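Visitor: The file below is model36.cif, mmCIF, C-alpha atoms and all ligand atoms:
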```
data_data
#
loop_
_atom_site.label_atom_id
_atom_site.label_comp_id
_atom_site.auth_asym_id
_atom_site.auth_seq_id
_atom_site.Cartn_x
_atom_site.Cartn_y
_atom_site.Cartn_z
CA MET A 1 -30.35 4.21 -15.32
CA PRO A 2 -26.64 3.65 -15.88
CA LEU A 3 -26.01 7.39 -16.06
CA LEU A 4 -27.30 8.03 -12.57
CA LYS A 5 -25.25 5.16 -11.23
CA LYS A 6 -22.10 6.67 -12.68
CA LYS A 7 -22.80 10.08 -11.22
CA ASN A 8 -22.71 9.08 -7.60
CA ASN A 9 -19.64 7.05 -6.79
CA ASN A 10 -21.01 6.03 -3.41
CA ARG A 11 -23.87 4.06 -4.92
CA GLY A 12 -22.08 0.85 -5.68
CA SER A 13 -23.51 -2.23 -3.97
CA MET A 14 -20.64 -2.31 -1.47
CA LEU A 15 -20.79 1.41 -0.70
CA GLU A 16 -24.52 1.66 -0.29
CA PRO A 17 -24.83 0.75 3.43
CA GLN A 18 -22.43 3.51 4.52
CA ALA A 19 -22.99 6.09 1.77
CA ASP A 20 -25.09 8.47 3.86
CA ARG A 21 -23.42 8.05 7.24
CA VAL A 22 -22.32 11.41 8.61
CA MET A 23 -20.07 11.83 11.61
CA ALA A 24 -20.06 15.44 12.87
CA LEU A 25 -16.79 17.07 13.94
CA SER A 26 -18.23 17.46 17.44
CA GLU A 27 -18.68 13.67 17.62
CA TRP A 28 -14.97 13.19 16.91
CA GLU A 29 -14.17 15.67 19.66
CA ASP A 30 -16.46 13.74 22.01
CA TRP A 31 -14.67 10.52 21.10
CA TRP A 32 -11.37 12.12 22.10
CA HIS A 33 -12.78 13.39 25.39
CA ASP A 34 -14.32 10.01 26.18
CA GLY A 35 -11.10 8.14 25.30
CA LYS A 36 -12.79 6.33 22.37
CA ILE A 37 -9.59 6.38 20.32
CA ARG A 38 -8.99 2.72 19.55
CA PHE A 39 -7.58 3.84 16.19
CA HIS A 40 -4.48 5.21 17.94
CA LEU A 41 -1.38 3.02 17.75
CA PRO A 42 1.31 3.31 20.43
CA GLN A 43 4.11 2.49 17.94
CA VAL A 44 5.22 3.56 14.48
CA HIS A 45 2.92 2.03 11.85
CA GLU A 46 4.59 -1.02 10.31
CA VAL A 47 3.46 -0.04 6.81
CA LEU A 48 5.27 3.30 7.13
CA GLU A 49 8.37 1.66 8.55
CA LYS A 50 8.39 -1.02 5.85
CA ASN A 51 7.96 1.46 3.01
CA ILE A 52 9.96 4.39 4.26
CA ASP A 53 12.67 4.06 1.58
CA LYS A 54 10.03 4.07 -1.17
CA VAL A 55 8.46 7.18 0.32
CA ILE A 56 11.70 9.08 0.85
CA ASN A 57 13.03 7.97 -2.55
CA GLY A 58 16.56 9.24 -1.93
CA ARG A 59 15.52 12.71 -0.76
CA THR A 60 16.49 14.45 2.48
CA GLY A 61 14.39 16.75 4.66
CA VAL A 62 11.10 15.68 3.10
CA ARG A 63 7.99 17.72 4.00
CA PHE A 64 5.30 15.28 5.16
CA PHE A 65 1.59 16.00 5.34
CA PHE A 66 -0.63 14.08 7.78
CA PRO A 67 -4.32 14.70 7.02
CA LEU A 68 -6.48 13.83 10.08
CA CYS A 69 -3.33 13.20 12.09
CA GLY A 70 -4.71 12.34 15.53
CA LYS A 71 -1.69 11.89 17.82
CA ALA A 72 0.14 9.48 15.51
CA VAL A 73 3.59 8.77 16.90
CA ASP A 74 4.82 8.42 13.29
CA MET A 75 5.05 12.23 13.22
CA LYS A 76 7.75 12.26 15.87
CA TRP A 77 9.55 9.33 14.25
CA LEU A 78 9.77 11.19 10.93
CA ALA A 79 10.87 14.44 12.57
CA ASP A 80 13.60 12.51 14.43
CA LEU A 81 14.78 11.25 11.02
CA GLY A 82 15.22 14.85 9.86
CA HIS A 83 11.95 15.34 7.98
CA SER A 84 9.28 17.92 8.73
CA VAL A 85 5.61 17.30 9.43
CA VAL A 86 2.43 19.32 9.01
CA GLY A 87 -0.73 17.72 10.38
CA VAL A 88 -4.39 18.70 10.51
CA GLU A 89 -6.66 17.51 13.30
CA ILE A 90 -9.97 18.81 14.65
CA SER A 91 -9.38 17.68 18.23
CA GLU A 92 -7.36 20.12 20.31
CA LYS A 93 -7.09 17.42 22.96
CA GLY A 94 -5.54 15.05 20.41
CA ILE A 95 -2.96 17.66 19.43
CA ARG A 96 -2.04 18.61 23.00
CA ASP A 97 -1.83 14.92 23.95
CA PHE A 98 0.58 14.35 21.06
CA PHE A 99 3.05 16.94 22.32
CA GLU A 100 2.64 16.08 25.98
CA GLU A 101 2.90 12.30 25.54
CA ASN A 102 6.07 12.77 23.48
CA ASN A 103 7.58 15.21 26.01
CA MET A 104 7.70 18.11 23.58
CA THR A 105 7.14 21.74 24.39
CA TYR A 106 5.08 23.73 21.92
CA SER A 107 3.68 27.13 21.06
CA VAL A 108 0.12 27.96 20.03
CA GLU A 109 -0.74 30.65 17.49
CA THR A 110 -3.79 31.75 15.59
CA VAL A 111 -3.67 31.51 11.80
CA ALA A 112 -4.47 34.78 10.01
CA SER A 113 -5.72 33.06 6.86
CA LEU A 114 -7.80 30.46 8.74
CA PRO A 115 -10.31 32.11 11.08
CA GLY A 116 -10.96 30.00 14.18
CA ALA A 117 -7.97 27.74 13.58
CA LYS A 118 -4.87 27.39 15.73
CA VAL A 119 -1.46 26.04 14.90
CA PHE A 120 0.53 24.13 17.50
CA LYS A 121 4.28 24.13 16.80
CA SER A 122 6.90 22.00 18.47
CA SER A 123 9.71 24.09 19.92
CA GLU A 124 12.39 21.44 19.20
CA LYS A 125 11.18 19.49 16.19
CA ASN A 126 9.86 20.45 12.79
CA ILE A 127 6.23 19.61 13.54
CA SER A 128 3.24 21.96 13.07
CA LEU A 129 -0.26 20.72 13.78
CA TYR A 130 -3.27 22.74 12.63
CA GLN A 131 -6.39 22.45 14.70
CA CYS A 132 -9.18 22.95 12.16
CA ASP A 133 -11.51 21.16 9.77
CA LEU A 134 -9.36 19.61 7.04
CA PHE A 135 -11.73 21.04 4.44
CA ASN A 136 -10.70 24.57 5.47
CA PHE A 137 -7.03 23.77 4.90
CA SER A 138 -5.35 24.48 1.53
CA SER A 139 -1.99 24.81 -0.21
CA SER A 140 -2.05 28.55 0.45
CA ILE A 141 -1.29 27.83 4.11
CA GLU A 142 1.74 25.52 4.01
CA GLY A 143 2.41 25.05 0.29
CA GLN A 144 2.72 21.56 -1.20
CA PHE A 145 4.25 18.43 0.26
CA GLY A 146 6.85 15.87 -0.75
CA ALA A 147 5.04 13.03 1.05
CA ILE A 148 1.61 12.27 2.46
CA TRP A 149 0.82 9.60 5.05
CA ASP A 150 -2.86 8.69 4.92
CA ARG A 151 -3.83 6.17 7.57
CA GLY A 152 -7.24 6.60 9.19
CA SER A 153 -7.90 9.62 6.95
CA LEU A 154 -9.68 8.82 3.67
CA VAL A 155 -11.38 5.97 5.57
CA ALA A 156 -12.45 8.35 8.37
CA ILE A 157 -14.02 11.23 6.48
CA ASN A 158 -17.71 10.99 5.65
CA PRO A 159 -18.21 8.91 2.48
CA ARG A 160 -20.06 11.77 0.74
CA ASP A 161 -16.94 14.00 1.12
CA ARG A 162 -14.54 11.70 -0.72
CA GLU A 163 -14.44 13.63 -4.02
CA LYS A 164 -13.80 16.86 -2.11
CA TYR A 165 -11.07 15.10 -0.12
CA ALA A 166 -9.34 13.75 -3.24
CA ALA A 167 -9.49 17.18 -4.88
CA LEU A 168 -7.89 18.80 -1.82
CA ILE A 169 -5.21 16.16 -1.34
CA THR A 170 -4.10 16.30 -4.97
CA THR A 171 -3.64 20.08 -4.72
CA LEU A 172 -1.33 19.49 -1.75
CA MET A 173 0.96 17.12 -3.71
CA ALA A 174 4.24 18.54 -5.01
CA THR A 175 5.33 17.10 -8.37
CA ASP A 176 7.72 14.69 -6.59
CA CYS A 177 5.14 13.72 -3.93
CA ARG A 178 4.89 10.12 -2.71
CA TYR A 179 1.50 9.50 -1.13
CA ILE A 180 0.84 6.37 0.93
CA LEU A 181 -2.87 5.62 1.14
CA ASN A 182 -4.20 2.95 3.51
CA THR A 183 -7.72 1.66 2.87
CA LEU A 184 -9.97 -1.00 4.37
CA LEU A 185 -12.48 -3.54 3.16
CA TYR A 186 -14.94 -5.46 5.30
CA ASN A 187 -18.64 -6.24 5.14
CA PRO A 188 -20.28 -2.79 5.48
CA GLU A 189 -23.58 -4.43 6.47
CA LEU A 190 -22.02 -5.45 9.78
CA TYR A 191 -20.50 -2.17 10.93
CA LYS A 192 -21.54 1.40 10.28
CA GLY A 193 -18.05 2.99 10.54
CA PRO A 194 -15.85 4.95 10.78
CA PRO A 195 -13.55 3.59 9.55
CA PHE A 196 -15.50 3.21 6.31
CA VAL A 197 -15.03 0.76 3.47
CA VAL A 198 -13.18 2.19 0.44
CA PRO A 199 -13.20 -0.28 -2.50
CA GLU A 200 -10.29 -0.42 -4.93
CA GLU A 201 -12.43 0.84 -7.81
CA GLN A 202 -13.18 3.97 -5.84
CA VAL A 203 -9.49 4.65 -5.15
CA HIS A 204 -9.04 4.61 -8.93
CA ILE A 205 -12.09 6.79 -9.58
CA LEU A 206 -10.94 9.34 -6.98
CA PHE A 207 -7.26 9.57 -7.85
CA GLY A 208 -6.67 7.71 -11.13
CA SER A 209 -6.89 10.71 -13.45
CA ARG A 210 -4.25 12.65 -11.53
CA CYS A 211 -2.07 9.94 -10.00
CA SER A 212 -0.40 6.67 -10.86
CA ILE A 213 -1.53 4.11 -8.30
CA GLU A 214 0.51 1.11 -7.20
CA LEU A 215 -0.95 -1.44 -4.79
CA LEU A 216 1.98 -2.14 -2.45
CA HIS A 217 0.36 -4.65 -0.08
CA SER A 218 -2.98 -6.30 0.47
CA VAL A 219 -3.41 -8.21 3.71
CA SER A 220 -6.59 -10.11 4.57
CA ASP A 221 -7.82 -11.65 7.82
CA MET A 222 -10.84 -13.87 8.27
CA THR A 223 -12.84 -14.13 11.46
CA ASP A 224 -15.88 -16.36 11.96
CA ARG A 225 -18.10 -13.31 11.44
CA ASP A 226 -16.38 -11.21 8.83
CA TYR A 227 -13.33 -10.57 6.66
CA ARG A 228 -11.03 -7.57 6.80
CA THR A 229 -8.61 -6.50 4.11
CA GLU A 230 -6.06 -3.72 4.46
CA ASN A 231 -4.79 -2.27 1.19
CA VAL A 232 -1.75 -0.03 0.96
CA HIS A 233 -1.21 2.12 -2.13
CA LEU A 234 1.60 4.34 -3.35
CA LEU A 235 0.29 7.29 -5.35
CA THR A 236 2.50 9.58 -7.40
CA PRO A 237 1.38 12.52 -9.55
CA LYS A 238 1.11 11.75 -13.24
CA THR A 239 3.44 13.90 -15.25
CA SER A 240 1.23 15.39 -17.90
N1 LIG B 1 -4.54 9.29 11.41
C1 LIG B 1 -4.67 9.10 12.84
C2 LIG B 1 -6.10 9.36 13.35
C3 LIG B 1 -7.16 8.53 12.70
S1 LIG B 1 -8.82 8.78 13.32
C4 LIG B 1 -4.17 7.74 13.24
O1 LIG B 1 -3.89 6.93 12.36
O2 LIG B 1 -4.08 7.47 14.45
C5 LIG B 1 -9.39 10.19 12.42
C6 LIG B 1 -9.00 11.50 13.06
O3 LIG B 1 -9.47 12.57 12.25
C7 LIG B 1 -9.62 11.75 14.44
O4 LIG B 1 -8.60 12.11 15.33
C8 LIG B 1 -10.62 12.91 14.24
O5 LIG B 1 -10.68 13.75 15.36
C9 LIG B 1 -10.03 13.60 13.02
N2 LIG B 1 -10.99 14.24 12.09
C10 LIG B 1 -12.12 13.69 11.56
N3 LIG B 1 -12.67 14.50 10.64
C11 LIG B 1 -11.86 15.60 10.56
C12 LIG B 1 -11.88 16.78 9.76
N4 LIG B 1 -12.86 17.00 8.85
N5 LIG B 1 -10.90 17.69 9.92
C13 LIG B 1 -9.89 17.48 10.83
N6 LIG B 1 -9.82 16.37 11.61
C14 LIG B 1 -10.79 15.44 11.48
#
```
Will you turn the file into C-alpha cells for me?
Ligand code: SAH

Guide:
Amino acid sequence: MPLLKKKNNNRGSMLEPQADRVMALSEWEDWWHDGKIRFHLPQVHEVLEKNIDKVINGRTGVRFFFPLCGKAVDMKWLADLGHSVVGVEISEKGIRDFFEENNMTYSVETVASLPGAKVFKSSEKNISLYQCDLFNFSSSIEGQFGAIWDRGSLVAINPRDREKYAALITTLMATDCRYILNTLLYNPELYKGPPFVVPEEQVHILFGSRCSIELLHSVSDMTDRDYRTENVHLLTPKTS
C-alpha cells in the first residue's frame, strides 16, 4: 500500500523502531531533577562557533530563537556578542540553573497569553526564557526570529510530533532567518532515544517545501557496536 506508506512519515524502515516512543514532559522534568542531563555541554557548541558568520550573515543585533533550550551556554555567548535570545524550556530547574550558573540575575513574570507559563528575563542581558510546552508557544508571543539554533530539539521531541514541530518552527522564521538544524543518525534498534534518529529524507519532507536546505557538515564515528553521524543543516526560507 504505497499510499499508506507515504501518509505516515515515521514509517520508514529506519524510523520504525522509534516511531511510537513518547517521552512525557514530566519525564524530562524528572531527568532534570535527577541530574540526567548528559546532553548539556559546558562550552559553546563548536558547530555554532564554526558557523556563526554564516548565521549572522552581516547583520547586527540578531534575534535568536532556541527551541528546547535547556541551559545551553550558547545563549549567553550570543547575548555577549550583542544578539538577543528567546528560549523555550519545560524545566523550571533548567532555566533557573542557566541564570544561576552564569551569574545572572533575573525576573520572573507570568505570560498573559500563555496560561500556566512563566517567562524568566535576565536583568543585564537580552535573554528571555519561557517555561512552557513548546507546542503552546507561537509567533504571537515574541514575533519572528532572525536565527534559530536547533541542537537537541528536533531530535528530542517525540517522533510523532515532528510535522507539528516543523509547522511551528517555520512560522517563527522571519524572511531573513538562518536556521541551523543539528540531526543524528545511529542504529535505532540499539537505543530507544531521546535523542531520536532523524534521517535526511525526513528533514527534506518536513522543511523542503518551505525552506532551502544546505547540508553544512556531516561527521561520522564508528564504534565496535554502532555508528553515529551528526548532520548540520542551514535552512533559509524559500522566497516564493
Ligand atoms: N538544546 C539543549 C537541551 C537539549 S535536551 C541543549 O542542547 O543542551 C531537550 C530539552 O528539551 C530538555 O531540557 C527538556 O526538558 C526540553 N523539552 C522536551 N520537550 C519539551 C517541550 N515539548 N517543550 C519545552 N521543552 C521541552

Visitor: Around ligand LIG 1 (chain B), which protein and nucleic acid residues have at least one atom no more than 7 Å from it, if we count only C-alpha atoms and all ligand atoms? List them as a PyMOL selection string.

Guide: chain A and resi 25+28-29+32+39-41+67-72+88-91+94+132-135+150-153+156-157

Visitor: Met222 (chain A): which residues within 12 Å, counting only C-alpha atoms, same-chain residues fewer than 4 positions away excluded, as a compact mmCIF listing (two decimals) with C-alpha atoms, in the frame of the given file?

Guide:
```
# COMPACT_ATOMS: atom_id res chain seq x y z
CA LEU A 185 -12.48 -3.54 3.16
CA TYR A 186 -14.94 -5.46 5.30
CA ASN A 187 -18.64 -6.24 5.14
CA ASP A 226 -16.38 -11.21 8.83
CA TYR A 227 -13.33 -10.57 6.66
CA ARG A 228 -11.03 -7.57 6.80
CA THR A 229 -8.61 -6.50 4.11
CA GLU A 230 -6.06 -3.72 4.46
```

Visitor: Figure out the distance between CA of His204 (chain A) and CA of Leu235 (chain A), please, to one decimal in Å.

Guide: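 Taking CA of Leu235 (chain A) and CA of His204 (chain A), their separation equals 10.3 Å.
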
Visitor: If you measure from CA of Cys177 (chain A) to CA of Thr60 (chain A), what distance in Å do you get, rounded to one decimal?

Guide: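 If I compute the distance from CA of Cys177 (chain A) to CA of Thr60 (chain A), I get 13.1 Å.
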
Visitor: So, with all atoms listed in the file as the atoms that count, which of A:Leu15, A:His233, A:Arg21, A:Ser138 lies closest to Ser212 (chain A)?

Guide: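 Among the listed residues, the smallest separation from Ser212 (chain A) belongs to A:His233.
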
Visitor: Please determine the residues with any atom at most 12 Å from (-3.0, -6.3, 6.6) (coordinates as given in the file, with all atoms listed in the file counting) and report them as a list in words.

Guide: His45, Glu46, Val47, Asn182, Thr183, Leu184, Leu185, Leu216, His217, Ser218, Val219, Ser220, Asp221, Met222, Tyr227, Arg228, Thr229, Glu230, Asn231 and Val232 of chain A

Visitor: Which residue gives the smallest distance to Phe120 (chain A) among A:Glu101, A:Asp53, A:Glu92, A:Asp20, with all atoms listed in the file counted?

Guide: A:Glu92

Visitor: Find the residue from A:Ile169, A:Arg59, A:Phe145, A:Arg225 that sits nearest to Leu190 (chain A); use all atoms listed in the file when measuring.

Guide: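 Distance minimum relative to Leu190 (chain A) lands on A:Arg225.
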
Visitor: Distance CA of Ser139 (chain A)-CA of Leu172 (chain A), one decimal place?

Guide: 5.6 Å

Visitor: May I ask which of the residues A:Glu189, A:Pro199, A:Leu215, A:Asn158 is the closest one to Ala19 (chain A), counting all atoms listed in the file?

Guide: A:Asn158

Visitor: Can you find the residues with an atom no farther than 8 Å from (1.4, 18.9, -5.3), counting only C-alpha atoms, and report them as a list in words?

Guide: Gln144, Phe145, Gly146, Thr170, Thr171, Leu172, Met173, Ala174, Thr175, Asp176, Cys177 and Pro237 of chain A

Visitor: Store the residues picked out above in a file with C-alpha atoms, as an mmCIF file, in the coordinates of the input.

Guide:
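Here's the written file selection-v9.cif:
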```cif
data_model
loop_
_atom_site.group_PDB
_atom_site.id
_atom_site.type_symbol
_atom_site.label_atom_id
_atom_site.label_comp_id
_atom_site.auth_asym_id
_atom_site.auth_seq_id
_atom_site.Cartn_x
_atom_site.Cartn_y
_atom_site.Cartn_z
ATOM 1 C CA GLN A 144 2.720 21.560 -1.200
ATOM 2 C CA PHE A 145 4.250 18.430 0.260
ATOM 3 C CA GLY A 146 6.850 15.870 -0.750
ATOM 4 C CA THR A 170 -4.100 16.300 -4.970
ATOM 5 C CA THR A 171 -3.640 20.080 -4.720
ATOM 6 C CA LEU A 172 -1.330 19.490 -1.750
ATOM 7 C CA MET A 173 0.960 17.120 -3.710
ATOM 8 C CA ALA A 174 4.240 18.540 -5.010
ATOM 9 C CA THR A 175 5.330 17.100 -8.370
ATOM 10 C CA ASP A 176 7.720 14.690 -6.590
ATOM 11 C CA CYS A 177 5.140 13.720 -3.930
ATOM 12 C CA PRO A 237 1.380 12.520 -9.550
#
```

Visitor: Looking at all atoms listed in the file, which of A:Ala147, A:Met104, A:Ile141, A:Val111 is the one that sits closest to Tyr179 (chain A)?

Guide: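 Checking each candidate against Tyr179 (chain A), we get A:Ala147 as the closest.
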
Visitor: Point out the residue among A:Ile95, A:Val119, A:Ala166, A:Leu234 with the least atom-to-atom distance to Phe207 (chain A), counting only C-alpha atoms.

Guide: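 Checking each candidate against Phe207 (chain A), we get A:Ala166 as the closest.
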
Visitor: Might you pull out every residue within 9 Å of region 48-52 of chain A, with all atoms listed in the file counted and same-chain residues fewer than 2 positions away left off, and present them as a list of chain:residue names?

Guide: A:Val44, A:His45, A:Glu46, A:Lys54, A:Val55, A:Ile56, A:Asn57, A:Asp74, A:Trp149, A:Ile180, A:Leu216
